[in-house]
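K.L.:
Sharing protein.cif here; it has mmCIF, C-alpha atoms.
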data_structure
loop_
_atom_site.label_atom_id
_atom_site.label_comp_id
_atom_site.auth_asym_id
_atom_site.auth_seq_id
_atom_site.Cartn_x
_atom_site.Cartn_y
_atom_site.Cartn_z
CA MET A 1 1.54 11.80 7.22
CA ASN A 2 -1.85 13.49 6.89
CA ASN A 3 -3.14 10.51 4.95
CA LEU A 4 -1.94 8.18 7.68
CA LEU A 5 -3.67 10.25 10.37
CA LEU A 6 -6.87 10.30 8.32
CA PHE A 7 -6.65 6.54 7.91
CA LEU A 8 -6.10 5.97 11.63
CA GLY A 9 -8.93 8.38 12.45
CA LEU A 10 -11.34 6.58 10.16
CA LEU A 11 -10.21 3.27 11.58
CA PHE A 12 -10.86 4.40 15.15
CA CYS A 13 -14.26 5.89 14.23
CA GLY A 14 -15.17 2.65 12.45
CA TRP A 15 -14.18 0.54 15.41
CA PHE A 16 -15.76 2.75 18.08
CA PHE A 17 -19.05 3.67 16.41
CA GLY A 18 -19.39 0.33 14.62
CA ARG A 19 -19.01 -1.54 17.90
CA ARG A 20 -21.50 0.73 19.65
CA ALA A 21 -24.05 0.41 16.84
CA GLU A 22 -23.66 -3.37 16.86
CA GLN A 23 -24.13 -3.67 20.62
CA ARG A 24 -27.25 -1.47 20.54
CA HIS A 25 -28.68 -3.33 17.59
CA TYR A 26 -28.19 -6.74 19.23
CA LYS A 27 -29.87 -5.50 22.42
CA SER A 28 -32.88 -4.33 20.41
CA ILE A 29 -32.98 -7.53 18.32
CA ILE A 30 -32.98 -9.80 21.38
CA GLU A 31 -35.75 -7.79 23.08
CA ARG A 32 -37.98 -7.90 19.99
CA GLU A 33 -37.23 -11.58 19.31
CA LEU A 34 -38.48 -12.47 22.78
CA GLU A 35 -41.64 -10.53 22.03
CA PHE A 36 -42.17 -12.01 18.55
CA ASN A 37 -41.44 -15.62 19.46
CA ALA A 38 -45.18 -15.91 20.03
CA LEU A 39 -45.57 -15.56 16.26
CA PRO A 40 -43.52 -18.42 14.85
CA ALA A 41 -41.81 -18.17 11.50
CA ILE A 42 -41.45 -21.66 10.05
CA ALA A 43 -39.40 -22.73 7.04
CA SER A 44 -41.73 -25.63 6.15
CA ARG A 45 -43.69 -25.42 2.92
CA PHE A 46 -46.64 -27.29 4.42
CA PRO A 47 -48.88 -25.20 6.61
CA PRO A 48 -51.19 -26.74 9.19
CA THR A 49 -54.36 -28.06 7.63
CA ASP A 50 -56.60 -28.25 10.64
CA THR A 51 -57.60 -24.63 10.44
CA ALA A 52 -58.53 -22.44 7.52
CA TYR A 53 -56.22 -19.51 6.98
CA GLU A 54 -56.08 -16.58 4.74
CA GLN A 55 -52.63 -16.32 3.22
CA GLN A 56 -50.66 -13.24 2.63
CA LEU A 57 -47.15 -12.54 1.46
CA VAL A 58 -45.13 -10.77 4.14
CA ALA A 59 -41.61 -9.47 3.76
CA GLY A 60 -38.97 -7.78 5.86
CA SER A 61 -35.89 -6.16 4.43
CA THR A 62 -32.83 -4.72 6.15
CA VAL A 63 -29.77 -2.96 4.82
CA VAL A 64 -26.74 -2.91 7.12
CA SER A 65 -23.52 -1.13 6.31
CA SER A 66 -20.06 -2.27 7.18
CA ASP A 67 -17.79 0.15 9.00
CA TYR A 68 -14.27 1.20 8.03
CA PHE A 69 -12.62 -1.01 10.65
CA LYS A 70 -14.51 -4.12 9.54
CA SER A 71 -13.90 -3.39 5.86
CA ILE A 72 -10.16 -2.95 6.30
CA THR A 73 -9.92 -6.08 8.45
CA ALA A 74 -11.92 -8.03 5.85
CA ALA A 75 -9.71 -6.67 3.05
CA MET A 76 -6.64 -8.01 4.83
CA ILE A 77 -8.36 -11.39 5.41
CA ASN A 78 -8.91 -11.46 1.63
CA ILE A 79 -5.12 -11.61 1.22
CA PHE A 80 -4.61 -14.60 3.50
CA GLY A 81 -7.99 -16.35 3.33
CA GLY A 82 -9.99 -17.74 6.22
CA GLU A 83 -13.27 -16.89 7.87
CA VAL A 84 -14.33 -13.29 7.39
CA LYS A 85 -15.34 -12.97 11.02
CA PRO A 86 -15.92 -9.19 10.98
CA PHE A 87 -18.84 -9.66 8.57
CA GLU A 88 -20.48 -12.49 10.53
CA ALA A 89 -22.20 -10.13 12.94
CA LEU A 90 -23.26 -7.93 10.04
CA ILE A 91 -25.05 -10.78 8.27
CA ASP A 92 -26.46 -12.14 11.52
CA ARG A 93 -27.92 -8.76 12.46
CA ALA A 94 -29.40 -8.19 9.01
CA ARG A 95 -30.94 -11.67 8.90
CA ARG A 96 -32.51 -11.48 12.37
CA GLU A 97 -33.71 -7.91 11.82
CA SER A 98 -35.35 -8.89 8.51
CA ILE A 99 -37.20 -11.79 10.13
CA LEU A 100 -38.37 -9.44 12.88
CA ARG A 101 -39.64 -6.94 10.32
CA MET A 102 -41.38 -9.70 8.41
CA LYS A 103 -43.02 -10.85 11.65
CA ALA A 104 -44.04 -7.29 12.43
CA GLU A 105 -45.82 -7.11 9.09
CA ALA A 106 -47.46 -10.47 9.74
CA LYS A 107 -48.56 -9.36 13.20
CA SER A 108 -50.13 -6.21 11.84
CA ALA A 109 -52.07 -8.38 9.36
CA GLY A 110 -53.35 -10.44 12.31
CA ALA A 111 -51.39 -13.58 11.41
CA ASP A 112 -50.83 -16.50 13.75
CA MET A 113 -47.65 -17.62 12.08
CA VAL A 114 -45.55 -17.27 8.96
CA PHE A 115 -44.80 -20.31 6.80
CA ASN A 116 -42.38 -21.16 4.07
CA ILE A 117 -40.03 -18.38 4.97
CA LYS A 118 -37.08 -17.74 2.69
CA MET A 119 -34.22 -15.30 2.66
CA GLU A 120 -32.19 -13.57 0.04
CA THR A 121 -29.00 -11.62 0.46
CA SER A 122 -27.58 -9.07 -1.89
CA GLN A 123 -24.62 -6.77 -1.75
CA ILE A 124 -25.28 -3.13 -2.35
CA ALA A 125 -22.93 -0.15 -2.37
CA ALA A 126 -20.05 -2.41 -3.33
CA GLY A 127 -16.63 -1.05 -2.63
CA ARG A 128 -14.35 -0.62 0.29
CA THR A 129 -17.20 0.27 2.62
CA GLY A 130 -20.04 -1.85 1.34
CA ALA A 131 -23.47 -2.71 2.67
CA ILE A 132 -25.65 -5.81 2.48
CA GLU A 133 -29.35 -6.26 2.17
CA VAL A 134 -31.18 -9.26 3.59
CA LEU A 135 -34.75 -9.84 2.49
CA ALA A 136 -36.88 -12.31 4.44
CA TYR A 137 -40.28 -13.27 3.08
CA GLY A 138 -42.91 -15.86 3.75
CA THR A 139 -46.59 -16.67 3.79
CA ALA A 140 -48.46 -15.22 6.73
CA LEU A 141 -51.31 -17.45 7.90
CA ILE A 142 -54.22 -15.32 9.08
CA PRO A 143 -56.99 -17.25 10.75
CA THR A 144 -60.38 -16.81 9.09
CA ASN A 145 -63.29 -16.87 11.53
CA VAL A 146 -65.83 -17.22 8.78
CA VAL A 147 -64.92 -20.47 7.54
CA ASP A 148 -66.77 -23.57 7.15
CA ILE A 149 -64.22 -25.59 5.31
CA ALA A 150 -66.55 -28.14 3.80
CA SER A 151 -68.62 -25.43 2.15
CA ALA A 152 -65.78 -23.28 1.05
CA PRO A 153 -67.00 -21.47 -2.06
CA ASN A 154 -64.03 -22.02 -4.26
CA VAL A 155 -61.44 -24.58 -3.42
CA THR A 156 -59.16 -23.38 -6.15
CA ASP A 157 -59.02 -19.92 -4.64
CA MET A 158 -55.35 -19.58 -3.81
CA ASN A 159 -56.05 -17.23 -0.96
CA VAL A 160 -57.64 -19.95 1.11
CA ALA A 161 -55.81 -22.91 2.50
CA THR A 162 -57.71 -26.06 1.72
CA PRO A 163 -57.60 -29.15 3.90
CA ALA A 164 -55.88 -32.19 2.50
CA MET B 1 -49.10 -29.73 15.54
CA LYS B 2 -47.60 -27.03 17.68
CA TYR B 3 -45.27 -24.54 16.07
CA GLU B 4 -42.92 -22.33 17.99
CA ASN B 5 -39.80 -20.21 17.67
CA ARG B 6 -37.43 -20.57 20.57
CA GLN B 7 -34.94 -17.88 21.36
CA PRO B 8 -31.63 -18.90 19.75
CA GLU B 9 -28.50 -19.07 21.84
CA GLU B 10 -26.17 -16.15 21.15
CA GLY B 11 -22.72 -16.61 19.62
CA ILE B 12 -23.52 -19.50 17.27
CA ASN B 13 -23.38 -17.59 14.03
CA VAL B 14 -21.00 -14.93 15.23
CA SER B 15 -17.47 -15.94 16.21
CA LYS B 16 -16.15 -14.81 19.55
CA GLY B 17 -12.75 -13.17 19.95
CA SER B 18 -11.25 -9.71 19.98
CA PRO B 19 -11.56 -7.93 16.61
CA VAL B 20 -8.70 -5.58 17.58
CA LYS B 21 -6.38 -8.55 18.21
CA THR B 22 -7.36 -10.06 14.85
CA PHE B 23 -6.77 -6.68 13.20
CA LEU B 24 -3.30 -6.30 14.71
CA GLN B 25 -2.32 -9.84 13.71
CA LEU B 26 -3.46 -9.11 10.17
CA VAL B 27 -1.59 -5.79 10.04
CA ILE B 28 1.65 -7.47 11.13
CA SER B 29 1.20 -10.32 8.64
CA THR B 30 0.33 -7.90 5.81
CA LEU B 31 3.35 -5.71 6.53
CA LEU B 32 5.65 -8.73 6.62
CA LEU B 33 4.22 -10.01 3.37
CA LEU B 34 4.55 -6.61 1.73
CA THR B 35 8.13 -6.14 2.91
CA VAL B 36 9.20 -9.53 1.61
CA SER B 37 7.29 -9.07 -1.69
CA ILE B 38 8.71 -5.61 -2.30
CA PHE B 39 12.22 -6.77 -1.47
CA VAL B 40 12.00 -9.75 -3.83
CA LEU B 41 10.31 -7.70 -6.58
CA TYR B 42 12.82 -4.86 -6.21
CA LEU B 43 15.74 -7.26 -6.59
CA SER B 44 14.09 -9.07 -9.51
CA GLY B 45 13.19 -5.79 -11.24
CA ALA B 46 16.69 -4.43 -10.69
CA TRP B 47 18.29 -7.63 -12.00
CA LEU B 48 16.09 -7.65 -15.10
CA ALA B 49 16.58 -3.91 -15.75
CA LYS B 50 20.35 -4.35 -15.80
CA LYS B 51 19.87 -6.61 -18.83
CA ILE B 52 18.52 -3.64 -20.81
CA PRO B 53 21.26 -2.41 -23.18
CA PHE B 54 22.67 1.01 -22.29
CA ARG B 55 21.69 2.44 -25.68
CA TYR B 56 18.03 1.91 -24.71
CA GLU B 57 18.58 4.09 -21.66
CA GLU B 58 19.96 6.80 -23.91
CA ALA B 59 17.04 6.41 -26.31
CA ILE B 60 14.54 6.76 -23.44
CA MET B 61 16.24 9.93 -22.22
CA GLU B 62 16.19 11.38 -25.72
CA LYS B 63 12.51 10.58 -26.04
CA ILE B 64 11.44 12.19 -22.78
CA ASP B 65 13.73 15.16 -23.45
CA VAL B 66 14.63 16.19 -19.91
CA ASP B 67 16.11 19.63 -19.36
CA PHE B 68 19.15 19.22 -17.14
CA GLY B 69 20.03 22.88 -17.34
CA SER B 70 22.58 22.33 -20.11
CA SER B 71 21.55 25.41 -22.07
CA GLY B 72 22.68 27.99 -19.53
CA SER B 73 25.51 30.47 -19.76
CA ASP B 74 27.97 28.60 -17.55
CA GLN B 75 29.80 26.96 -20.43
CA ASP B 76 33.20 27.03 -18.72
CA ILE B 77 31.83 25.17 -15.67
CA ARG B 78 30.25 22.53 -17.90
CA GLU B 79 33.48 22.11 -19.86
CA TYR B 80 35.49 21.78 -16.66
CA LEU B 81 33.10 19.16 -15.26
CA SER B 82 33.10 17.21 -18.55
CA GLU B 83 36.86 17.30 -18.73
CA LEU B 84 37.15 16.02 -15.14
CA SER B 85 34.66 13.25 -15.86
CA ALA B 86 36.69 12.18 -18.91
CA ARG B 87 39.81 11.99 -16.72
CA ILE B 88 37.95 9.90 -14.12
CA ALA B 89 36.28 7.62 -16.69
CA VAL B 90 39.66 6.21 -17.67
CA HIS B 91 40.05 4.83 -14.14
CA LEU B 92 36.60 3.32 -13.77
CA PRO B 93 35.72 -0.21 -14.82
CA ASN B 94 33.59 0.97 -17.76
CA PRO B 95 31.54 -1.51 -19.70
CA ASP B 96 32.10 -0.80 -23.41
CA GLU B 97 28.91 0.99 -24.30
CA VAL B 98 28.47 3.16 -21.18
CA SER B 99 29.02 6.89 -21.66
CA TYR B 100 28.74 9.83 -19.27
CA THR B 101 27.20 13.27 -19.70
CA VAL B 102 27.79 15.72 -16.87
CA HIS B 103 25.30 18.57 -16.41
CA TYR B 104 25.43 21.68 -14.26
CA GLU B 105 22.40 23.21 -12.54
CA PRO B 106 23.05 26.73 -11.24
CA GLU B 107 20.71 26.25 -8.26
CA ASP B 108 21.62 26.51 -4.63
CA VAL B 109 20.84 22.85 -3.95
CA PHE B 110 23.24 20.67 -2.01
CA ASN B 111 23.03 17.65 -4.28
CA ALA B 112 24.40 15.68 -7.19
CA TYR B 113 22.82 12.65 -8.77
CA ALA B 114 23.20 10.11 -11.52
CA THR B 115 20.26 9.01 -13.59
CA ILE B 116 19.54 6.84 -16.59
CA GLY B 117 21.32 7.38 -19.89
CA GLY B 118 24.62 8.15 -18.11
CA ASN B 119 23.43 11.63 -17.10
CA ILE B 120 25.06 13.09 -14.01
CA VAL B 121 23.84 16.37 -12.57
CA PHE B 122 25.82 18.67 -10.27
CA TYR B 123 24.18 21.55 -8.44
CA LYS B 124 25.93 24.80 -7.69
CA GLY B 125 25.06 24.40 -3.99
CA LEU B 126 27.16 21.26 -3.76
CA LEU B 127 30.08 22.59 -5.80
CA LYS B 128 30.31 25.62 -3.51
CA ALA B 129 30.66 23.35 -0.47
CA LEU B 130 33.58 21.37 -1.91
CA PRO B 131 37.00 22.26 -0.50
CA ASN B 132 39.17 20.88 -3.33
CA GLU B 133 39.12 19.05 -6.65
CA ASN B 134 39.88 15.74 -4.96
CA ALA B 135 36.56 15.92 -3.09
CA LEU B 136 34.74 16.85 -6.30
CA ALA B 137 36.43 13.98 -8.14
CA MET B 138 35.34 11.60 -5.37
CA VAL B 139 31.70 12.68 -5.68
CA MET B 140 31.86 12.59 -9.47
CA ALA B 141 33.59 9.20 -9.52
CA HIS B 142 30.91 7.95 -7.11
CA GLU B 143 28.09 9.07 -9.43
CA MET B 144 29.93 7.76 -12.50
CA ALA B 145 30.43 4.43 -10.76
CA HIS B 146 26.64 4.27 -10.30
CA VAL B 147 26.28 4.67 -14.07
CA SER B 148 29.02 2.18 -14.78
CA HIS B 149 27.37 -0.36 -12.42
CA ARG B 150 24.02 0.37 -14.17
CA ASP B 151 22.52 1.37 -10.79
CA PRO B 152 20.10 4.04 -12.11
CA VAL B 153 18.34 1.64 -14.47
CA ALA B 154 18.41 -1.07 -11.80
CA GLY B 155 16.88 1.33 -9.26
CA LEU B 156 14.27 2.37 -11.79
CA GLY B 157 13.41 -1.23 -12.70
CA GLY B 158 13.25 -2.27 -9.06
CA GLY B 159 11.16 0.78 -8.17
CA VAL B 160 8.67 0.16 -10.94
CA ALA B 161 8.36 -3.55 -10.11
CA SER B 162 7.73 -2.90 -6.43
CA ALA B 163 5.35 0.01 -7.21
CA ILE B 164 3.26 -2.26 -9.39
CA ALA B 165 3.15 -4.76 -6.55
CA LEU B 166 1.97 -2.01 -4.21
CA SER B 167 -0.72 -0.99 -6.68
CA THR B 168 -2.20 -4.48 -6.61
CA VAL B 169 -2.61 -4.19 -2.86
CA PHE B 170 -3.39 -0.51 -2.35
CA GLY B 171 -5.16 0.40 -5.60
CA SER B 172 -4.22 2.97 -8.15
CA SER B 173 -1.77 5.10 -6.16
CA GLY B 174 0.98 2.54 -6.69
CA SER B 175 0.48 2.41 -10.46
CA GLU B 176 0.46 6.22 -10.62
CA TYR B 177 3.84 6.12 -8.91
CA ALA B 178 5.05 3.57 -11.45
CA GLY B 179 3.60 5.71 -14.25
CA SER B 180 5.51 8.77 -13.09
CA PHE B 181 8.73 6.78 -13.51
CA ILE B 182 7.88 5.56 -16.96
CA ASN B 183 6.17 8.57 -18.50
CA GLY B 184 8.21 11.53 -17.47
CA ALA B 185 11.08 13.02 -15.66
CA GLY B 186 9.17 13.29 -12.37
CA GLY B 187 10.73 10.19 -10.89
CA LEU B 188 14.25 10.65 -12.19
CA THR B 189 15.66 12.31 -9.11
CA ALA B 190 13.71 9.91 -6.94
CA VAL B 191 15.50 6.80 -8.23
CA GLN B 192 16.57 5.01 -5.10
CA PHE B 193 19.80 3.14 -4.81
CA THR B 194 20.34 0.49 -2.19
CA ARG B 195 23.05 0.87 0.39
CA LYS B 196 24.97 -1.94 -1.29
CA MET B 197 24.95 0.06 -4.54
CA GLU B 198 26.21 3.11 -2.62
CA ASN B 199 29.02 1.18 -0.97
CA ASN B 200 30.08 -0.41 -4.26
CA ALA B 201 30.08 3.03 -5.91
CA ASP B 202 32.23 4.41 -3.06
CA ASP B 203 34.69 1.53 -3.46
CA ALA B 204 35.02 2.09 -7.21
CA ALA B 205 35.29 5.86 -6.69
CA ILE B 206 38.11 5.73 -4.14
CA LEU B 207 40.12 3.50 -6.47
CA ALA B 208 39.54 5.85 -9.40
CA VAL B 209 40.49 8.93 -7.33
CA SER B 210 43.62 7.20 -6.09
CA LYS B 211 44.65 6.36 -9.64
CA LEU B 212 43.86 9.87 -10.87
CA TYR B 213 45.79 11.83 -8.22
CA GLY B 214 48.19 9.16 -7.02
CA HIS B 215 46.71 9.30 -3.48
CA THR B 216 43.38 9.46 -1.63
CA VAL B 217 43.97 12.68 0.30
CA GLY B 218 40.92 14.93 0.32
CA ALA B 219 38.58 12.29 -1.10
CA ASP B 220 36.63 12.04 2.15
CA SER B 221 36.55 15.76 2.93
CA LEU B 222 32.97 16.30 1.67
CA PHE B 223 31.62 13.47 3.82
CA LYS B 224 33.55 14.78 6.83
CA HIS B 225 32.00 18.18 6.22
CA ILE B 226 28.47 16.73 5.98
CA ASP B 227 29.02 14.58 9.05
CA GLU B 228 30.00 17.65 11.05
CA LYS B 229 26.86 19.44 9.84
CA ARG B 230 24.73 16.42 10.70
CA LYS B 231 26.06 16.32 14.25
CA GLU B 232 24.50 19.74 14.72
CA SER B 233 21.05 18.30 13.93
CA SER B 234 18.97 16.52 16.55
CA LYS B 235 18.35 13.22 14.77
CA PRO B 236 20.26 10.34 16.36
CA ASP B 237 22.77 8.40 14.23
CA TRP B 238 20.88 5.13 14.44
CA PHE B 239 17.76 6.84 13.03
CA SER B 240 19.65 8.37 10.11
CA ARG B 241 21.37 5.07 9.44
CA PHE B 242 18.06 3.20 9.41
CA SER B 243 16.03 5.73 7.47
CA SER B 244 18.51 6.62 4.74
CA THR B 245 19.47 4.54 1.72
CA HIS B 246 22.83 6.30 1.67
CA PRO B 247 25.38 5.07 4.19
CA LEU B 248 25.92 7.53 6.97
CA ASP B 249 28.67 10.02 6.13
CA SER B 250 30.77 8.98 9.13
CA ASP B 251 30.42 5.37 7.89
CA ARG B 252 31.53 6.48 4.42
CA VAL B 253 34.59 8.21 5.82
CA GLU B 254 35.37 5.02 7.70
CA ASN B 255 34.73 2.93 4.58
CA ILE B 256 37.12 5.08 2.52
CA LYS B 257 39.73 4.71 5.25
CA GLN B 258 39.25 0.92 5.35
CA LYS B 259 39.40 0.59 1.58
CA THR B 260 42.54 2.72 1.47
CA LEU B 261 44.22 0.46 4.04
CA GLU B 262 42.95 -2.72 2.43
CA LEU B 263 44.26 -1.83 -1.02
CA GLU B 264 47.32 -0.09 0.40
CA LEU B 265 46.51 3.08 -1.50
CA PRO B 266 48.85 6.05 -0.97
CA THR B 267 47.65 8.37 1.79
CA SER B 268 49.99 11.31 1.41
CA GLY B 269 50.08 14.00 -1.22
CA ASP B 270 48.79 17.44 -2.06
CA THR B 271 45.20 18.23 -2.85
CA THR B 272 44.40 19.97 -6.11
CA PRO B 273 42.66 23.32 -5.79
CA LEU B 274 39.37 23.96 -7.55
CA PRO B 275 39.23 26.50 -10.38
CA ASP B 276 37.48 29.74 -9.50
CA LEU B 277 34.45 29.16 -11.71
CA TRP B 278 31.46 29.18 -9.33
#
Could I get this file's structure written as structure tokens?
P.N.:
Amino acid sequence: MNNLLLFLGLLFCGWFFGRRAEQRHYKSIIERELEFNALPAIASRFPPTDTAYEQQLVAGSTVVSSDYFKSITAAMINIFGGEVKPFEALIDRARRESILRMKAEAKSAGADMVFNIKMETSQIAAGRTGAIEVLAYGTALIPTNVVDIASAPNVTDMNVATPA
Amino acid sequence: MKYENRQPEEGINVSKGSPVKTFLQLVISTLLLLTVSIFVLYLSGAWLAKKIPFRYEEAIMEKIDVDFGSSGSDQDIREYLSELSARIAVHLPNPDEVSYTVHYEPEDVFNAYATIGGNIVFYKGLLKALPNENALAMVMAHEMAHVSHRDPVAGLGGGVASAIALSTVFGSSGSEYAGSFINGAGGLTAVQFTRKMENNADDAAILAVSKLYGHTVGADSLFKHIDEKRKESSKPDWFSRFSSTHPLDSDRVENIKQKTLELELPTSGDTTPLPDLW
């Protein structure tokens, strides 16, 4: 009986606090996305060639934990199959947060945009209540004011984008 | 070229719908699945276990060396119980190899049970509550009928099979439960019989008692006594009926009455008094 009460208590805590954390996180994500839309993150491997840019690796990483309610629901979905809907919001939050963190790093480096962005996901703290990490990384393009492209000192210098 | 990030529309990568509703649907489905699986596994395990020869049951009991209290000083009680069981055994449909060993536990526990290897245990607490030998013979014949029907090994087999199924869903606790059955005496008194097993044992017992004494008078007196006690408790009948694997005592009294009528068993005669041993 005590075990059942503990289980129900954990379930309620998971549902209540997990839901609250998710709502707050989404609110914050949307606010920051609106702010950071001015600094585009593009998946293309080909950066613009009309301007010279310094290039810098930028990365953003987020670890989000599941809650007890989501984990139990997902465990039951594992029996029957189907979409694991409880984890969709978890992945979505981690992905968007990582991009925002990557953009924040790019912004602090003075970048105009981030190119060739990629993402990696890994599971950490595996078990009944697991957590996931999403890493977003890309090449920040930082405009160089100095540049006279034609007389660039070393065209093989990988830190400088060269025109085609 | 102009590059921009537009604000994505919400709800594309995250499905809408109530997580609580999904959870409840899953709980109901899981419980249904578990109930059906356990039921099927219990029956399969019980059916398979009944195929195990009786001598294996005896060998297992020898190996785990359970103390049923047979080394106490109440030799005359043990002898009386063994002698009564021998008289009853003649009237039970005994498969050839099945044998019975009756034990006596001098504890104030209101219980008697049959377990694997043909071992039947009577507690002092139960013996003290019996009004006559006919009632004792009914209880003993009931437990012996369980052995003769191979119910203990079937219950054990079914219990282990369903516990293993539980362990696959809920982790190690289920296999620990199964382990307690296999490795020691811990689960012996917890062997669960189904209500069908109980009813069949009652049917065999009433026939045996009728043959032994020439009538069925007094056979139901223990159940009547328990039923009266139960009426003093606050639990409603329907709850007891649902929650217990044993048929309700009032149902058992009724069953004995029905069986007596059905088989036209004699219903008049004198009850045999119990010896003054406990």
K.L.:
Once the PyMOL selection byres ((chain A and resi 71) around 12) is applied to the coordinates I shared, what remains selected? I want it as an mmCIF file with C-alpha atoms, keeping the file's coordinate frame.
P.N.:
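part_33.cif, written as the output of this step:
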data_model
loop_
_atom_site.group_PDB
_atom_site.id
_atom_site.type_symbol
_atom_site.label_atom_id
_atom_site.label_comp_id
_atom_site.auth_asym_id
_atom_site.auth_seq_id
_atom_site.Cartn_x
_atom_site.Cartn_y
_atom_site.Cartn_z
ATOM 1 C CA LEU A 10 -11.340 6.580 10.160
ATOM 2 C CA LEU A 11 -10.210 3.270 11.580
ATOM 3 C CA GLY A 14 -15.170 2.650 12.450
ATOM 4 C CA TRP A 15 -14.180 0.540 15.410
ATOM 5 C CA GLY A 18 -19.390 0.330 14.620
ATOM 6 C CA SER A 65 -23.520 -1.130 6.310
ATOM 7 C CA SER A 66 -20.060 -2.270 7.180
ATOM 8 C CA ASP A 67 -17.790 0.150 9.000
ATOM 9 C CA TYR A 68 -14.270 1.200 8.030
ATOM 10 C CA PHE A 69 -12.620 -1.010 10.650
ATOM 11 C CA LYS A 70 -14.510 -4.120 9.540
ATOM 12 C CA ILE A 72 -10.160 -2.950 6.300
ATOM 13 C CA THR A 73 -9.920 -6.080 8.450
ATOM 14 C CA ALA A 74 -11.920 -8.030 5.850
ATOM 15 C CA ALA A 75 -9.710 -6.670 3.050
ATOM 16 C CA MET A 76 -6.640 -8.010 4.830
ATOM 17 C CA ILE A 77 -8.360 -11.390 5.410
ATOM 18 C CA ASN A 78 -8.910 -11.460 1.630
ATOM 19 C CA VAL A 84 -14.330 -13.290 7.390
ATOM 20 C CA LYS A 85 -15.340 -12.970 11.020
ATOM 21 C CA PRO A 86 -15.920 -9.190 10.980
ATOM 22 C CA PHE A 87 -18.840 -9.660 8.570
ATOM 23 C CA LEU A 90 -23.260 -7.930 10.040
ATOM 24 C CA ALA A 126 -20.050 -2.410 -3.330
ATOM 25 C CA GLY A 127 -16.630 -1.050 -2.630
ATOM 26 C CA ARG A 128 -14.350 -0.620 0.290
ATOM 27 C CA THR A 129 -17.200 0.270 2.620
ATOM 28 C CA GLY A 130 -20.040 -1.850 1.340
ATOM 29 C CA ALA A 131 -23.470 -2.710 2.670
ATOM 30 C CA PRO B 19 -11.560 -7.930 16.610
ATOM 31 C CA PHE B 23 -6.770 -6.680 13.200
#
K.L.:
Please produce, as a tab-separated table, a per-residue contact table for chain A versus chain B (criterion: any atom at most 8 Å away, only C-alpha atoms considered), showing the nearest atom pair and its distance in Å to one decimal, sorted by chain then residue number.
P.N.:
residue	atom	partner	partner_atom	distance
A:Glu33	CA	B:Gln7	CA	7.0
A:Leu34	CA	B:Gln7	CA	6.6
A:Asn37	CA	B:Asn5	CA	5.2
A:Ala38	CA	B:Glu4	CA	7.1
A:Leu39	CA	B:Glu4	CA	7.5
A:Pro40	CA	B:Asn5	CA	5.0
A:Ala41	CA	B:Asn5	CA	6.8
A:Ile42	CA	B:Tyr3	CA	7.7
A:Pro48	CA	B:Met1	CA	7.3
A:Thr73	CA	B:Phe23	CA	5.7
A:Met76	CA	B:Leu26	CA	6.3
A:Ile77	CA	B:Leu26	CA	7.2
A:Lys85	CA	B:Ser15	CA	6.3
A:Pro86	CA	B:Pro19	CA	7.2
A:Glu88	CA	B:Val14	CA	5.3
A:Ala89	CA	B:Val14	CA	5.5
A:Asp92	CA	B:Asn13	CA	6.7
K.L.:
Env of Tyr100 (chain B): 8 Å cut, atoms = all atoms listed in the file, seq-sep filter 5 positions within chain, self excluded. Answer as a PyMOL selection string.
P.N.:
chain B and resi 85+117-120+144+147
K.L.:
Could you state which residues are captured by the PyMOL selection byres ((chain B and resi 114) around 12) in this file, as a CSV table (one decimal) with C-alpha atoms, keeping the file's coordinate frame?
P.N.:
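Generated output (part_37.csv):
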chain,number,residue,atom,x,y,z
B,68,PHE,CA,19.2,19.2,-17.1
B,100,TYR,CA,28.7,9.8,-19.3
B,101,THR,CA,27.2,13.3,-19.7
B,102,VAL,CA,27.8,15.7,-16.9
B,103,HIS,CA,25.3,18.6,-16.4
B,111,ASN,CA,23.0,17.6,-4.3
B,112,ALA,CA,24.4,15.7,-7.2
B,113,TYR,CA,22.8,12.6,-8.8
B,115,THR,CA,20.3,9.0,-13.6
B,116,ILE,CA,19.5,6.8,-16.6
B,117,GLY,CA,21.3,7.4,-19.9
B,118,GLY,CA,24.6,8.2,-18.1
B,119,ASN,CA,23.4,11.6,-17.1
B,120,ILE,CA,25.1,13.1,-14.0
B,121,VAL,CA,23.8,16.4,-12.6
B,122,PHE,CA,25.8,18.7,-10.3
B,123,TYR,CA,24.2,21.6,-8.4
B,139,VAL,CA,31.7,12.7,-5.7
B,140,MET,CA,31.9,12.6,-9.5
B,141,ALA,CA,33.6,9.2,-9.5
B,142,HIS,CA,30.9,8.0,-7.1
B,143,GLU,CA,28.1,9.1,-9.4
B,144,MET,CA,29.9,7.8,-12.5
B,145,ALA,CA,30.4,4.4,-10.8
B,146,HIS,CA,26.6,4.3,-10.3
B,147,VAL,CA,26.3,4.7,-14.1
B,148,SER,CA,29.0,2.2,-14.8
B,149,HIS,CA,27.4,-0.4,-12.4
B,150,ARG,CA,24.0,0.4,-14.2
B,151,ASP,CA,22.5,1.4,-10.8
B,152,PRO,CA,20.1,4.0,-12.1
B,153,VAL,CA,18.3,1.6,-14.5
B,155,GLY,CA,16.9,1.3,-9.3
B,156,LEU,CA,14.3,2.4,-11.8
B,188,LEU,CA,14.2,10.6,-12.2
B,189,THR,CA,15.7,12.3,-9.1
B,190,ALA,CA,13.7,9.9,-6.9
B,191,VAL,CA,15.5,6.8,-8.2
B,192,GLN,CA,16.6,5.0,-5.1
B,193,PHE,CA,19.8,3.1,-4.8
B,198,GLU,CA,26.2,3.1,-2.6
B,201,ALA,CA,30.1,3.0,-5.9
